[in-house]
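> File follows, work-v2.cif with mmCIF, C-alpha atoms:
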```cif
data_entry
loop_
_atom_site.group_PDB
_atom_site.id
_atom_site.type_symbol
_atom_site.label_atom_id
_atom_site.label_comp_id
_atom_site.auth_asym_id
_atom_site.auth_seq_id
_atom_site.Cartn_x
_atom_site.Cartn_y
_atom_site.Cartn_z
ATOM 1 C CA MET A 10 98.721 -23.844 -145.960
ATOM 2 C CA PHE A 11 98.439 -21.825 -142.752
ATOM 3 C CA ASN A 12 97.917 -23.719 -139.517
ATOM 4 C CA LYS A 13 96.350 -21.967 -136.530
ATOM 5 C CA GLU A 14 97.113 -23.805 -133.316
ATOM 6 C CA ILE A 15 97.503 -22.877 -129.662
ATOM 7 C CA ILE A 16 100.667 -24.380 -128.171
ATOM 8 C CA ASP A 17 100.942 -22.937 -124.649
ATOM 9 C CA ALA A 18 98.188 -21.001 -122.889
ATOM 10 C CA TYR A 19 98.559 -21.081 -119.103
ATOM 11 C CA ALA A 20 98.989 -18.987 -115.969
ATOM 12 C CA ASP A 21 100.949 -19.671 -112.756
ATOM 13 C CA TYR A 22 99.670 -18.742 -109.316
ATOM 14 C CA TYR A 23 102.261 -18.842 -106.521
ATOM 15 C CA LEU A 24 100.767 -19.823 -103.170
ATOM 16 C CA THR A 25 103.822 -18.553 -101.257
ATOM 17 C CA LYS A 26 106.249 -15.655 -101.809
ATOM 18 C CA ASP A 27 109.255 -17.987 -101.970
ATOM 19 C CA LYS A 28 107.618 -19.739 -104.983
ATOM 20 C CA VAL A 29 107.889 -23.132 -103.304
ATOM 21 C CA HIS A 30 104.197 -23.912 -103.891
ATOM 22 C CA ARG A 31 102.625 -23.189 -107.284
ATOM 23 C CA LEU A 32 99.437 -23.847 -109.252
ATOM 24 C CA ARG A 33 99.340 -23.855 -113.056
ATOM 25 C CA PHE A 34 96.087 -23.511 -115.012
ATOM 26 C CA GLY A 35 95.441 -23.901 -118.751
ATOM 27 C CA GLN A 36 97.072 -25.791 -121.599
ATOM 28 C CA HIS A 37 100.572 -26.854 -120.615
ATOM 29 C CA ARG A 38 102.985 -29.795 -120.516
ATOM 30 C CA VAL A 39 101.803 -33.011 -118.893
ATOM 31 C CA PRO A 40 103.856 -35.287 -116.562
ATOM 32 C CA ASN A 41 104.667 -37.979 -119.119
ATOM 33 C CA SER A 42 108.474 -37.950 -119.295
ATOM 34 C CA PHE A 43 111.575 -35.783 -118.922
ATOM 35 C CA ASP A 44 111.698 -35.194 -122.679
ATOM 36 C CA THR A 45 108.033 -34.131 -122.694
ATOM 37 C CA TYR A 46 109.053 -31.068 -120.679
ATOM 38 C CA ARG A 47 111.854 -30.099 -123.087
ATOM 39 C CA SER A 48 111.095 -27.841 -126.050
ATOM 40 C CA SER A 49 113.119 -27.740 -129.283
ATOM 41 C CA THR A 50 115.323 -25.047 -127.717
ATOM 42 C CA ASN A 51 116.267 -27.448 -124.895
ATOM 43 C CA ARG A 52 117.320 -30.420 -127.037
ATOM 44 C CA GLN A 53 120.225 -31.262 -129.314
ATOM 45 C CA GLU A 54 118.346 -34.052 -131.109
ATOM 46 C CA LEU A 55 115.618 -33.081 -133.587
ATOM 47 C CA ASP A 56 112.827 -35.304 -132.218
ATOM 48 C CA ARG A 57 111.692 -36.955 -129.025
ATOM 49 C CA HIS A 58 111.860 -40.728 -129.187
ATOM 50 C CA GLU A 59 108.596 -42.513 -130.060
ATOM 51 C CA SER A 60 108.675 -44.595 -126.882
ATOM 52 C CA ILE A 61 108.192 -41.347 -124.951
ATOM 53 C CA GLN A 62 106.307 -39.214 -127.477
ATOM 54 C CA SER A 63 103.612 -41.889 -127.881
ATOM 55 C CA GLY A 64 102.503 -41.301 -124.290
ATOM 56 C CA ALA A 65 101.672 -37.615 -124.784
ATOM 57 C CA PRO A 66 101.565 -36.523 -128.447
ATOM 58 C CA GLY A 67 101.794 -32.743 -128.549
ATOM 59 C CA GLU A 68 103.248 -32.795 -125.019
ATOM 60 C CA ARG A 69 100.454 -30.600 -123.654
ATOM 61 C CA ASP A 70 96.838 -30.810 -122.539
ATOM 62 C CA LEU A 71 94.188 -28.750 -120.793
ATOM 63 C CA GLY A 72 94.308 -29.123 -117.017
ATOM 64 C CA ILE A 73 95.446 -27.902 -113.625
ATOM 65 C CA ALA A 74 98.704 -28.806 -111.871
ATOM 66 C CA TYR A 75 100.356 -28.298 -108.498
ATOM 67 C CA TYR A 76 104.166 -28.102 -108.208
ATOM 68 C CA TRP A 77 106.342 -28.140 -105.089
ATOM 69 C CA SER A 78 109.941 -26.886 -105.446
ATOM 70 C CA PRO A 79 112.184 -26.178 -102.426
ATOM 71 C CA LYS A 80 114.579 -23.241 -102.848
ATOM 72 C CA ILE A 81 117.681 -25.408 -103.381
ATOM 73 C CA ALA A 82 115.866 -27.326 -106.127
ATOM 74 C CA GLN A 83 114.786 -24.061 -107.784
ATOM 75 C CA GLU A 84 118.434 -22.971 -107.950
ATOM 76 C CA ARG A 85 119.634 -26.261 -109.427
ATOM 77 C CA PHE A 86 116.812 -26.434 -111.986
ATOM 78 C CA ALA A 87 117.941 -22.943 -113.093
ATOM 79 C CA GLN A 88 121.554 -24.158 -113.365
ATOM 80 C CA LEU A 89 120.480 -27.120 -115.490
ATOM 81 C CA ALA A 90 118.428 -24.875 -117.771
ATOM 82 C CA ALA A 91 121.531 -22.741 -118.371
ATOM 83 C CA TYR A 92 123.110 -25.671 -120.251
ATOM 84 C CA HIS A 93 120.512 -25.296 -123.066
ATOM 85 C CA ASN A 94 119.251 -28.755 -122.125
ATOM 86 C CA GLY A 95 117.256 -28.468 -118.914
ATOM 87 C CA PRO A 96 113.498 -27.873 -119.207
ATOM 88 C CA GLY A 97 113.381 -25.654 -116.110
ATOM 89 C CA ASP A 98 111.427 -25.965 -112.892
ATOM 90 C CA TYR A 99 108.575 -28.466 -113.049
ATOM 91 C CA GLY A 100 108.775 -29.270 -109.376
ATOM 92 C CA VAL A 101 110.378 -31.862 -107.171
ATOM 93 C CA PHE A 102 106.821 -33.090 -106.763
ATOM 94 C CA GLY A 103 103.984 -32.396 -109.154
ATOM 95 C CA ILE A 104 100.469 -33.628 -109.759
ATOM 96 C CA MET A 105 98.200 -32.753 -112.672
ATOM 97 C CA VAL A 106 94.591 -33.461 -113.642
ATOM 98 C CA TYR A 107 93.985 -33.063 -117.375
ATOM 99 C CA ASN A 108 91.685 -34.109 -120.218
ATOM 100 C CA GLY A 109 93.980 -36.783 -121.631
ATOM 101 C CA GLN A 110 93.188 -36.561 -125.369
ATOM 102 C CA GLY A 111 96.182 -34.368 -126.188
ATOM 103 C CA ARG A 112 96.917 -30.824 -127.298
ATOM 104 C CA ASN A 113 94.007 -28.955 -128.910
ATOM 105 C CA LYS A 114 91.858 -32.103 -128.947
ATOM 106 C CA SER A 115 88.274 -32.285 -127.708
ATOM 107 C CA GLU A 116 87.634 -34.409 -124.629
ATOM 108 C CA LEU A 117 85.849 -37.557 -125.871
ATOM 109 C CA ASN A 118 84.895 -39.136 -122.542
ATOM 110 C CA GLY A 119 84.051 -38.047 -119.007
ATOM 111 C CA ASP A 120 87.241 -39.500 -117.554
ATOM 112 C CA LYS A 121 90.239 -37.327 -116.642
ATOM 113 C CA HIS A 122 93.875 -38.349 -116.684
ATOM 114 C CA ILE A 123 95.861 -37.985 -113.459
ATOM 115 C CA GLY A 124 99.627 -37.664 -113.692
ATOM 116 C CA VAL A 125 102.290 -37.376 -110.983
ATOM 117 C CA ARG A 126 105.980 -36.474 -110.993
ATOM 118 C CA LEU A 127 108.721 -37.001 -108.423
ATOM 119 C CA ALA A 128 112.213 -35.764 -109.319
ATOM 120 C CA TYR A 129 115.299 -34.203 -107.791
ATOM 121 C CA PRO A 130 118.323 -32.284 -109.138
ATOM 122 C CA PHE A 131 121.576 -33.295 -107.408
ATOM 123 C CA GLU A 132 124.988 -31.648 -107.349
ATOM 124 C CA LEU A 133 127.735 -34.255 -106.888
ATOM 125 C CA PRO A 134 130.929 -33.556 -104.881
ATOM 126 C CA ASN A 135 132.892 -32.958 -108.121
ATOM 127 C CA GLY A 136 130.393 -30.290 -109.202
ATOM 128 C CA ARG A 137 128.573 -32.431 -111.758
ATOM 129 C CA LEU A 138 124.820 -31.853 -111.970
ATOM 130 C CA LEU A 139 122.488 -34.836 -112.175
ATOM 131 C CA GLU A 140 118.704 -35.062 -112.327
ATOM 132 C CA THR A 141 116.663 -38.207 -111.862
ATOM 133 C CA GLY A 142 112.986 -38.891 -111.423
ATOM 134 C CA VAL A 143 109.890 -40.914 -112.136
ATOM 135 C CA MET A 144 106.520 -39.984 -113.639
ATOM 136 C CA ALA A 145 103.265 -41.883 -114.007
ATOM 137 C CA PHE A 146 99.762 -41.277 -115.337
ATOM 138 C CA ARG A 147 96.488 -43.130 -115.679
ATOM 139 C CA GLY A 148 93.205 -42.432 -117.430
ATOM 140 C CA VAL A 149 90.880 -43.489 -120.234
ATOM 141 C CA TYR A 150 91.826 -42.606 -123.811
ATOM 142 C CA SER A 151 89.350 -42.547 -126.708
ATOM 143 C CA VAL A 152 90.867 -43.888 -129.922
ATOM 144 C CA SER A 153 89.539 -42.302 -133.114
ATOM 145 C CA GLY A 154 88.829 -44.016 -136.415
ATOM 146 C CA ALA A 155 87.399 -47.257 -135.027
ATOM 147 C CA GLY A 156 84.228 -48.941 -136.212
ATOM 148 C CA SER A 157 81.478 -50.764 -134.321
ATOM 149 C CA PRO A 158 82.008 -54.471 -133.475
ATOM 150 C CA THR A 159 79.748 -55.489 -136.387
ATOM 151 C CA SER A 160 81.393 -53.306 -139.043
ATOM 152 C CA THR A 161 82.530 -55.199 -142.151
ATOM 153 C CA THR A 162 84.625 -52.376 -143.616
ATOM 154 C CA SER A 163 86.528 -50.710 -140.747
ATOM 155 C CA THR A 164 90.240 -51.457 -140.408
ATOM 156 C CA ALA A 165 89.899 -51.243 -136.603
ATOM 157 C CA LEU A 166 86.957 -52.363 -134.457
ATOM 158 C CA CYS A 167 85.872 -51.320 -130.953
ATOM 159 C CA ARG A 168 84.920 -54.444 -128.992
ATOM 160 C CA GLN A 169 82.676 -52.690 -126.453
ATOM 161 C CA GLY A 170 81.182 -50.286 -128.977
ATOM 162 C CA LEU A 171 81.861 -46.602 -129.569
ATOM 163 C CA ASN A 172 81.061 -43.964 -126.962
ATOM 164 C CA ARG A 173 78.692 -41.056 -127.629
ATOM 165 C CA GLN A 174 81.469 -39.001 -129.199
ATOM 166 C CA GLY A 175 82.495 -41.802 -131.552
ATOM 167 C CA GLY A 176 85.654 -42.849 -129.721
ATOM 168 C CA CYS A 177 86.794 -46.255 -128.505
ATOM 169 C CA ASP A 178 87.567 -46.013 -124.768
ATOM 170 C CA THR A 179 90.676 -47.856 -123.549
ATOM 171 C CA THR A 180 92.841 -47.869 -120.427
ATOM 172 C CA ASP A 181 95.850 -45.579 -120.763
ATOM 173 C CA GLU A 182 98.563 -45.886 -118.111
ATOM 174 C CA ARG A 183 102.345 -45.536 -117.870
ATOM 175 C CA ILE A 184 105.256 -45.204 -115.525
ATOM 176 C CA THR A 185 108.486 -43.647 -116.805
ATOM 177 C CA ALA A 186 111.855 -43.269 -115.072
ATOM 178 C CA TYR A 187 114.776 -41.145 -116.247
ATOM 179 C CA LEU A 188 118.371 -40.218 -115.475
ATOM 180 C CA TRP A 189 120.051 -37.147 -116.941
ATOM 181 C CA THR A 190 123.387 -35.447 -116.506
ATOM 182 C CA PRO A 191 124.141 -32.514 -118.852
ATOM 183 C CA PRO A 192 127.357 -32.248 -120.911
ATOM 184 C CA GLN A 193 130.145 -31.266 -118.492
ATOM 185 C CA PRO A 194 131.713 -31.871 -121.042
ATOM 186 C CA TRP A 195 130.144 -35.323 -121.572
ATOM 187 C CA GLY A 196 126.512 -36.044 -120.803
ATOM 188 C CA LEU A 197 124.015 -38.893 -120.619
ATOM 189 C CA LEU A 198 120.228 -39.101 -120.900
ATOM 190 C CA ALA A 199 118.223 -42.308 -120.500
ATOM 191 C CA GLU A 200 114.481 -42.939 -120.140
ATOM 192 C CA GLY A 201 112.467 -46.141 -119.871
ATOM 193 C CA THR A 202 108.709 -46.632 -119.837
ATOM 194 C CA ILE A 203 106.250 -49.474 -119.214
ATOM 195 C CA GLY A 204 102.472 -49.489 -119.121
ATOM 196 C CA LYS A 205 99.323 -50.312 -121.070
ATOM 197 C CA ASN A 206 97.476 -48.622 -123.921
ATOM 198 C CA ALA A 207 95.380 -49.233 -127.029
ATOM 199 C CA LYS A 208 96.657 -51.355 -129.930
ATOM 200 C CA ARG A 209 94.835 -52.961 -132.828
ATOM 201 C CA ASN A 210 94.971 -56.764 -133.021
ATOM 202 C CA GLU A 211 96.232 -57.547 -136.539
ATOM 203 C CA THR A 212 94.233 -60.805 -136.696
ATOM 204 C CA THR A 213 90.830 -59.726 -135.352
ATOM 205 C CA ASN A 214 91.086 -55.962 -136.149
ATOM 206 C CA ILE A 215 89.843 -55.300 -132.581
ATOM 207 C CA ILE A 216 91.409 -52.488 -130.546
ATOM 208 C CA GLU A 217 92.685 -54.066 -127.331
ATOM 209 C CA GLU A 218 94.424 -52.915 -124.168
ATOM 210 C CA ASN A 219 97.982 -54.183 -124.549
ATOM 211 C CA PRO A 220 101.185 -53.837 -122.514
ATOM 212 C CA LEU A 221 103.868 -51.481 -123.792
ATOM 213 C CA ILE A 222 107.570 -51.139 -123.127
ATOM 214 C CA GLY A 223 110.264 -48.910 -124.530
ATOM 215 C CA GLY A 224 112.975 -46.391 -123.930
ATOM 216 C CA TYR A 225 116.199 -44.879 -125.203
ATOM 217 C CA VAL A 226 119.704 -43.968 -124.120
ATOM 218 C CA GLN A 227 121.688 -41.024 -125.449
ATOM 219 C CA GLY A 228 125.282 -39.948 -124.968
ATOM 220 C CA TYR A 229 126.812 -36.647 -126.032
ATOM 221 C CA TYR A 230 129.905 -34.481 -125.625
ATOM 222 C CA THR A 231 130.188 -30.666 -125.775
ATOM 223 C CA TRP A 232 133.409 -29.024 -126.935
ATOM 224 C CA ARG A 233 133.451 -25.331 -125.954
ATOM 225 C CA TYR A 234 135.984 -24.029 -128.442
ATOM 226 C CA SER A 235 135.504 -20.348 -127.502
ATOM 227 C CA ASP A 236 133.713 -18.190 -124.924
ATOM 228 C CA VAL A 237 130.409 -18.675 -126.778
ATOM 229 C CA GLY A 238 131.006 -21.339 -129.444
ATOM 230 C CA MET A 239 130.062 -24.989 -128.843
ATOM 231 C CA LEU A 240 130.172 -28.191 -130.873
ATOM 232 C CA THR A 241 128.168 -31.217 -129.635
ATOM 233 C CA PRO A 242 128.127 -34.664 -131.276
ATOM 234 C CA TYR A 243 125.517 -37.120 -129.948
ATOM 235 C CA VAL A 244 124.272 -40.659 -130.495
ATOM 236 C CA ARG A 245 120.951 -42.182 -129.391
ATOM 237 C CA TYR A 246 119.508 -45.689 -129.536
ATOM 238 C CA GLY A 247 115.888 -46.521 -128.708
ATOM 239 C CA GLU A 248 113.196 -49.183 -128.983
ATOM 240 C CA TYR A 249 109.420 -49.215 -128.542
ATOM 241 C CA TYR A 250 106.899 -52.062 -128.469
ATOM 242 C CA GLY A 251 103.303 -50.958 -128.009
ATOM 243 C CA GLY A 252 100.341 -49.188 -129.568
ATOM 244 C CA MET A 253 100.199 -45.672 -131.023
ATOM 245 C CA LYS A 254 97.016 -44.487 -129.320
ATOM 246 C CA SER A 255 96.776 -41.083 -131.027
ATOM 247 C CA LEU A 256 96.889 -42.474 -134.590
ATOM 248 C CA THR A 257 93.735 -43.598 -136.396
ATOM 249 C CA GLY A 258 92.862 -47.131 -135.318
ATOM 250 C CA ALA A 259 95.748 -47.394 -132.788
ATOM 251 C CA PRO A 260 98.319 -49.208 -134.979
ATOM 252 C CA ASP A 261 101.220 -51.212 -133.574
ATOM 253 C CA GLY A 262 104.204 -48.907 -133.014
ATOM 254 C CA GLN A 263 106.976 -51.525 -132.892
ATOM 255 C CA LEU A 264 110.300 -49.925 -133.872
ATOM 256 C CA ARG A 265 114.047 -49.603 -133.312
ATOM 257 C CA SER A 266 116.103 -46.529 -134.186
ATOM 258 C CA TRP A 267 119.574 -44.979 -134.141
ATOM 259 C CA ASN A 268 120.243 -41.230 -134.274
ATOM 260 C CA PHE A 269 123.681 -39.748 -135.016
ATOM 261 C CA GLY A 270 123.890 -35.971 -134.782
ATOM 262 C CA LEU A 271 126.199 -32.980 -134.708
ATOM 263 C CA VAL A 272 125.142 -29.633 -133.210
ATOM 264 C CA TRP A 273 127.061 -26.415 -133.891
ATOM 265 C CA GLU A 274 126.254 -23.336 -131.773
ATOM 266 C CA PRO A 275 128.599 -20.531 -132.916
ATOM 267 C CA ASP A 276 127.007 -18.094 -130.457
ATOM 268 C CA THR A 277 123.925 -17.742 -128.246
ATOM 269 C CA HIS A 278 121.668 -16.855 -131.208
ATOM 270 C CA TRP A 279 122.296 -19.648 -133.707
ATOM 271 C CA ARG A 280 122.065 -23.433 -133.658
ATOM 272 C CA PHE A 281 122.762 -25.724 -136.637
ATOM 273 C CA VAL A 282 121.938 -29.445 -136.462
ATOM 274 C CA THR A 283 122.815 -32.296 -138.821
ATOM 275 C CA GLU A 284 121.305 -35.709 -138.003
ATOM 276 C CA LEU A 285 121.276 -39.154 -139.580
ATOM 277 C CA MET A 286 118.476 -41.470 -138.438
ATOM 278 C CA LEU A 287 118.406 -45.231 -139.077
ATOM 279 C CA LYS A 288 115.063 -46.825 -138.307
ATOM 280 C CA ASP A 289 113.153 -50.081 -138.769
ATOM 281 C CA GLY A 290 109.681 -50.978 -137.613
ATOM 282 C CA LEU A 291 106.058 -51.255 -138.718
ATOM 283 C CA ASN A 292 104.248 -48.986 -141.149
ATOM 284 C CA GLU A 293 101.381 -47.027 -139.543
ATOM 285 C CA THR A 294 98.943 -47.700 -142.415
ATOM 286 C CA LEU A 295 96.187 -50.171 -141.466
ATOM 287 C CA VAL A 296 94.585 -52.675 -143.841
ATOM 288 C CA ARG A 297 91.672 -54.839 -142.710
ATOM 289 C CA ASN A 298 92.581 -58.441 -141.782
ATOM 290 C CA ARG A 299 96.247 -57.855 -142.532
ATOM 291 C CA ALA A 300 99.356 -57.279 -140.459
ATOM 292 C CA GLN A 301 101.134 -53.957 -140.831
ATOM 293 C CA ASP A 302 103.956 -53.859 -143.354
ATOM 294 C CA SER A 303 107.507 -53.549 -142.022
ATOM 295 C CA PHE A 304 110.037 -50.989 -143.206
ATOM 296 C CA ASP A 305 113.744 -50.260 -142.929
ATOM 297 C CA GLY A 306 114.849 -46.735 -143.748
ATOM 298 C CA SER A 307 117.297 -43.903 -143.223
ATOM 299 C CA LEU A 308 116.884 -40.136 -143.142
ATOM 300 C CA LEU A 309 119.421 -37.293 -143.236
ATOM 301 C CA ARG A 310 118.148 -33.935 -141.950
ATOM 302 C CA PHE A 311 119.464 -30.408 -141.421
ATOM 303 C CA GLN A 312 118.066 -27.669 -139.186
ATOM 304 C CA ALA A 313 118.946 -24.045 -138.481
ATOM 305 C CA GLN A 314 117.494 -22.154 -135.496
ATOM 306 C CA PHE A 315 117.732 -18.487 -134.546
ATOM 307 C CA PHE A 316 117.033 -17.398 -130.960
ATOM 308 C CA PHE A 317 115.884 -13.886 -130.034
ATOM 309 C CA ASN A 318 117.741 -13.661 -126.733
#
```
Would you mind writing the file's structure down as structure tokens?

Amino acid sequence: MFNKEIIDAYADYYLTKDKVHRLRFGQHRVPNSFDTYRSSTNRQELDRHESIQSGAPGERDLGIAYYWSPKIAQERFAQLAAYHNGPGDYGVFGIMVYNGQGRNKSELNGDKHIGVRLAYPFELPNGRLLETGVMAFRGVYSVSGAGSPTSTTSTALCRQGLNRQGGCDTTDERITAYLWTPPQPWGLLAEGTIGKNAKRNETTNIIEENPLIGGYVQGYYTWRYSDVGMLTPYVRYGEYYGGMKSLTGAPDGQLRSWNFGLVWEPDTHWRFVTELMLKDGLNETLVRNRAQDSFDGSLLRFQAQFFFN
């Protein structure tokens, strides 16, 4: 199977020569969370946590953004990126208008999402780097796979009826705060989110606008055993209680998870990751007039990456 998909397709236009003011057009990352801005090359852990990923599946969308980055912030964002963990410069302040349905998805309603970001990279007196910030977005999301209110077969029903494109329109809003300090040699990353999105009622099968809450905390330590070699163990714990808007019928995404990992980077070209995940929650499969089944599982994974740098 060969999958053709556009990931990033954007252009930056700098309004000033010092690059303090910038516009970005096209398909690019949305202001959902700190981890949304990080690619697989910027993370030790294999996945983003569901509490964060559920807000912007695919991380990107089609839209236009404005970013403001003073010179001192540009320099510190570059320093943070040098640790293989920082996402780079997405502005001290940013605002984006975008479709809201997710990466490579058709817009199913006339509403646009609006997201904002406010963040700052600090350098403490002892030289430690620390970044903290808050992001928020609001819009209308169209859930797929729902039936009309009178359907007798659909596993999920749309109370107000489907829109012209066959989606079920629901309020989609979040606010997420984060704190991150890279491994010097120890590091910490924590994010928390609250808001409202679509979730199917297990009793009535109706897709409703429900509150959500979740987040995770991760600690890690980097041992630099040579000029280029690094070994980084990490542990992460997270919880999420809310709907999974991008999945068919907006199932309940209630879950708890632990991740234990070890990252070996023998040089600047290779990265090897071993991770054990322990997870319990609700199965995403929907059955009419029945609550979702619960599960309790574990998964051991291995990954090797090669960087052309």
> Please list as a PyMOL selection string every residue within 12 Å of Ala82 in chain A, counting all atoms listed in the file and excluding residues in the same chain fewer than 6 positions away.
chain A and resi 28-29+76+88-89+97-102+128-132+138-140
> Which polymer residues have any atom within 12 Å of an atom of Asn292 in chain A, counting only C-alpha atoms, with same-chain residues fewer than 6 positions away left out, as a PyMOL selection string?
chain A and resi 253+256+260-264+300-306
> Got a sec to resolve the PyMOL selection byres ((chain A and resi 280-286) around 6) on this structure and send the residues as a VMD selection string?
chain A and resid 267 to 274 279 287 307 to 314
> With C-alpha atoms kept, could you save the residues just selected as a PDB file, in the coordinates of the input?

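File produced: part-v7.pdb:
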```pdb
ATOM      1  CA  TRP A 267     119.574 -44.979-134.141  1.00  0.00           C
ATOM      2  CA  ASN A 268     120.243 -41.230-134.274  1.00  0.00           C
ATOM      3  CA  PHE A 269     123.681 -39.748-135.016  1.00  0.00           C
ATOM      4  CA  GLY A 270     123.890 -35.971-134.782  1.00  0.00           C
ATOM      5  CA  LEU A 271     126.199 -32.980-134.708  1.00  0.00           C
ATOM      6  CA  VAL A 272     125.142 -29.633-133.210  1.00  0.00           C
ATOM      7  CA  TRP A 273     127.061 -26.415-133.891  1.00  0.00           C
ATOM      8  CA  GLU A 274     126.254 -23.336-131.773  1.00  0.00           C
ATOM      9  CA  TRP A 279     122.296 -19.648-133.707  1.00  0.00           C
ATOM     10  CA  LEU A 287     118.406 -45.231-139.077  1.00  0.00           C
ATOM     11  CA  SER A 307     117.297 -43.903-143.223  1.00  0.00           C
ATOM     12  CA  LEU A 308     116.884 -40.136-143.142  1.00  0.00           C
ATOM     13  CA  LEU A 309     119.421 -37.293-143.236  1.00  0.00           C
ATOM     14  CA  ARG A 310     118.148 -33.935-141.950  1.00  0.00           C
ATOM     15  CA  PHE A 311     119.464 -30.408-141.421  1.00  0.00           C
ATOM     16  CA  GLN A 312     118.066 -27.669-139.186  1.00  0.00           C
ATOM     17  CA  ALA A 313     118.946 -24.045-138.481  1.00  0.00           C
ATOM     18  CA  GLN A 314     117.494 -22.154-135.496  1.00  0.00           C
TER      19      GLN A 314
END
```
> For the provided coordinates, the residues matched by the PyMOL selection byres ((chain A and resi 214) around 12) should be stated as an NGL selection string.
:A and (155-168 or 208-213 or 215-217 or 258-261 or 295-301)
> Calculate how many Å separate CA of Asn113 in chain A from CA of Asp178 in chain A, rounding to one decimal.
18.7 Å
> Would you kindly translate the PyMOL selection byres ((chain A and resi 116) around 12) into the concrete residues it picks from this file, as an MDAnalysis selection string?
chainID A and resid 70:72 107:115 117:122 149:153 172:176 178
> Write out as a VMD selection string which residues come within 8 Å of range 42-45 of chain A when counting all atoms listed in the file, dropping same-chain ones fewer than 6 positions away.
chain A and resid 57 61 to 62 65 68 143 to 144 185 to 187 200
> Nearest to Gln193 in chain A among A:Gly154, A:Gly103, A:Gly228, A:Gly223, with distances taken over only C-alpha atoms: which residue is it?
A:Gly228
> Between A:His30, A:Arg38, A:Arg52, A:Arg126, which one has atoms that come closest to Gln83 in chain A, using all atoms listed in the file?
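The shortest atom-to-atom distance to Gln83 in chain A comes from A:His30.
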> Using all atoms listed in the file, pick whichever of A:Gln53, A:Ile81, A:Ile16, A:Thr202 has the shortest atom-to-atom distance to Gln227 in chain A.
A:Gln53
> In Å, how far is it from CA of Val244 in chain A to CA of Ser49 in chain A?
17.1 Å
> When you count only C-alpha atoms, which of these residues is closest to Glu54 in chain A: A:Gly290, A:Pro242, A:Gly252, A:Gly124?
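Under the stated criterion, the closest residue is A:Pro242.
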> Taking all atoms listed in the file into account, which of A:Gly196, A:Gly67, A:Gly204, A:Gly95 comes nearest Glu14 in chain A?
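Once distances to Glu14 in chain A are computed over all atoms listed in the file, the minimum belongs to A:Gly67.
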> Figure out the distance between CA of Asn206 in chain A and CA of Leu221 in chain A, please, to one decimal in Å.
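CA of Asn206 in chain A lies 7.0 Å from CA of Leu221 in chain A.
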> So which one's closest to Ile73 in chain A, A:Tyr92, A:Tyr46, A:Phe34, A:Phe86? Using only C-alpha atoms, please.
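Checking each candidate against Ile73 in chain A, we get A:Phe34 as the closest.
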